[in-house]
Amino acid sequence: MDIKDFISNFANQFDDTDVSVIQSGTKFHELEEWGSLIGMGVIAMAKTQYGKTITGKEIRECETVEDLFNLIVSK
């Protein structure tokens, strides 16, 4: 798994957020559009794209997009 591809897949979960603002160091909880619906989309993306199961609690413990990437890689 490559972080650039992950960032692209992560950014695709957002409808109104400019993808250029989503980088590895982005604190995704601070994005205006972030919410439980996108969180569920990230859980589904982890399962379908990467075959990994993550929980909402694990997502809440992540601060940056890179933290989320590392979580999925570690599963």
# chains A, B, ... in the order shown; residues from 1 in each chain; ligands from 1
>>> residues_around(residues="Thr64 (chain A)", least_positions_apart="2", cutoff="8 Å", atoms="only C-alpha atoms", output="number ranges by chain")
A: 24-28, 62, 66-68
>>> residues_around(residues="Lys75 (chain A)", least_positions_apart="6", cutoff="12 Å", atoms="only C-alpha atoms", output="number ranges by chain")
A: 46-47, 50-55, 58, 68-69
>>> residues_around(residues="region 6-15 of chain A", least_positions_apart="5", cutoff="10 Å", atoms="only C-alpha atoms", output="ChimeraX atom specification")
/A:1,20-24,28,31,33-34,37-42,45-46,49-50,65-66,68-69,72
>>> write_last_selection(atoms="N, CA, C and O atoms", output="compact mmCIF listing (two decimals), in the first residue's frame")
# COMPACT_ATOMS: atom_id res chain seq x y z
N MET A 1 0.85 -1.17 0.00
CA MET A 1 0.00 0.00 0.00
C MET A 1 0.90 1.24 0.00
O MET A 1 1.86 1.31 0.74
N SER A 20 -6.70 19.11 -2.68
CA SER A 20 -5.33 19.62 -2.50
C SER A 20 -5.03 19.94 -1.04
O SER A 20 -3.86 20.03 -0.66
N VAL A 21 -6.05 20.11 -0.19
CA VAL A 21 -5.80 20.40 1.22
C VAL A 21 -5.56 19.13 2.02
O VAL A 21 -5.14 19.19 3.18
N ILE A 22 -5.80 17.98 1.42
CA ILE A 22 -5.62 16.71 2.13
C ILE A 22 -4.24 16.16 1.81
O ILE A 22 -3.96 15.74 0.70
N GLN A 23 -3.37 16.22 2.82
CA GLN A 23 -2.00 15.74 2.72
C GLN A 23 -1.76 14.75 3.85
O GLN A 23 -2.62 14.55 4.70
N SER A 24 -0.59 14.15 3.91
CA SER A 24 -0.32 13.17 4.96
C SER A 24 -0.41 13.79 6.35
O SER A 24 -0.83 13.13 7.30
N PHE A 28 -7.37 15.49 9.90
CA PHE A 28 -8.64 15.33 9.20
C PHE A 28 -9.86 15.62 10.07
O PHE A 28 -10.90 16.01 9.55
N LEU A 31 -11.17 19.14 9.44
CA LEU A 31 -11.77 19.51 8.17
C LEU A 31 -13.25 19.78 8.39
O LEU A 31 -13.94 19.03 9.08
N GLU A 33 -15.82 19.42 6.58
CA GLU A 33 -16.74 18.40 6.09
C GLU A 33 -16.67 17.08 6.89
O GLU A 33 -17.54 16.23 6.77
N TRP A 34 -15.64 16.91 7.71
CA TRP A 34 -15.48 15.66 8.44
C TRP A 34 -16.67 15.42 9.36
O TRP A 34 -17.14 16.32 10.04
N LEU A 37 -20.56 10.37 8.92
CA LEU A 37 -20.85 9.74 7.63
C LEU A 37 -19.56 9.48 6.85
O LEU A 37 -19.37 8.39 6.29
N ILE A 38 -18.66 10.43 6.84
CA ILE A 38 -17.38 10.23 6.16
C ILE A 38 -16.55 9.20 6.91
O ILE A 38 -15.87 8.37 6.31
N GLY A 39 -16.63 9.21 8.23
CA GLY A 39 -15.94 8.20 9.02
C GLY A 39 -16.39 6.80 8.64
O GLY A 39 -15.56 5.88 8.49
N MET A 40 -17.68 6.63 8.44
CA MET A 40 -18.19 5.32 8.01
C MET A 40 -17.70 4.98 6.61
O MET A 40 -17.42 3.82 6.31
N GLY A 41 -17.58 6.01 5.76
CA GLY A 41 -17.03 5.79 4.43
C GLY A 41 -15.59 5.34 4.47
O GLY A 41 -15.16 4.49 3.69
N VAL A 42 -14.83 5.88 5.43
CA VAL A 42 -13.43 5.48 5.60
C VAL A 42 -13.35 4.03 6.08
O VAL A 42 -12.51 3.26 5.61
N MET A 45 -14.06 2.00 3.07
CA MET A 45 -12.92 2.06 2.15
C MET A 45 -11.81 1.13 2.63
O MET A 45 -11.22 0.41 1.83
N ALA A 46 -11.53 1.14 3.94
CA ALA A 46 -10.48 0.27 4.47
C ALA A 46 -10.81 -1.19 4.18
O ALA A 46 -9.92 -1.98 3.83
N GLN A 49 -11.10 -1.53 -0.16
CA GLN A 49 -9.87 -1.25 -0.90
C GLN A 49 -8.66 -2.02 -0.38
O GLN A 49 -7.77 -2.37 -1.15
N TYR A 50 -8.64 -2.24 0.96
CA TYR A 50 -7.44 -2.81 1.56
C TYR A 50 -7.67 -4.11 2.32
O TYR A 50 -6.73 -4.70 2.84
N VAL A 65 -3.89 12.18 8.60
CA VAL A 65 -4.15 11.20 7.54
C VAL A 65 -3.07 10.11 7.58
O VAL A 65 -3.36 8.93 7.40
N GLU A 66 -1.85 10.50 7.85
CA GLU A 66 -0.77 9.52 7.94
C GLU A 66 -0.98 8.56 9.11
O GLU A 66 -0.70 7.36 8.99
N LEU A 68 -3.84 7.55 10.16
CA LEU A 68 -4.87 6.64 9.68
C LEU A 68 -4.27 5.62 8.72
O LEU A 68 -4.57 4.42 8.80
N PHE A 69 -3.40 6.06 7.84
CA PHE A 69 -2.69 5.17 6.92
C PHE A 69 -1.91 4.12 7.70
O PHE A 69 -1.99 2.93 7.42
N ILE A 72 -4.13 1.43 9.24
CA ILE A 72 -4.58 0.42 8.28
C ILE A 72 -3.44 -0.51 7.89
O ILE A 72 -3.63 -1.72 7.80
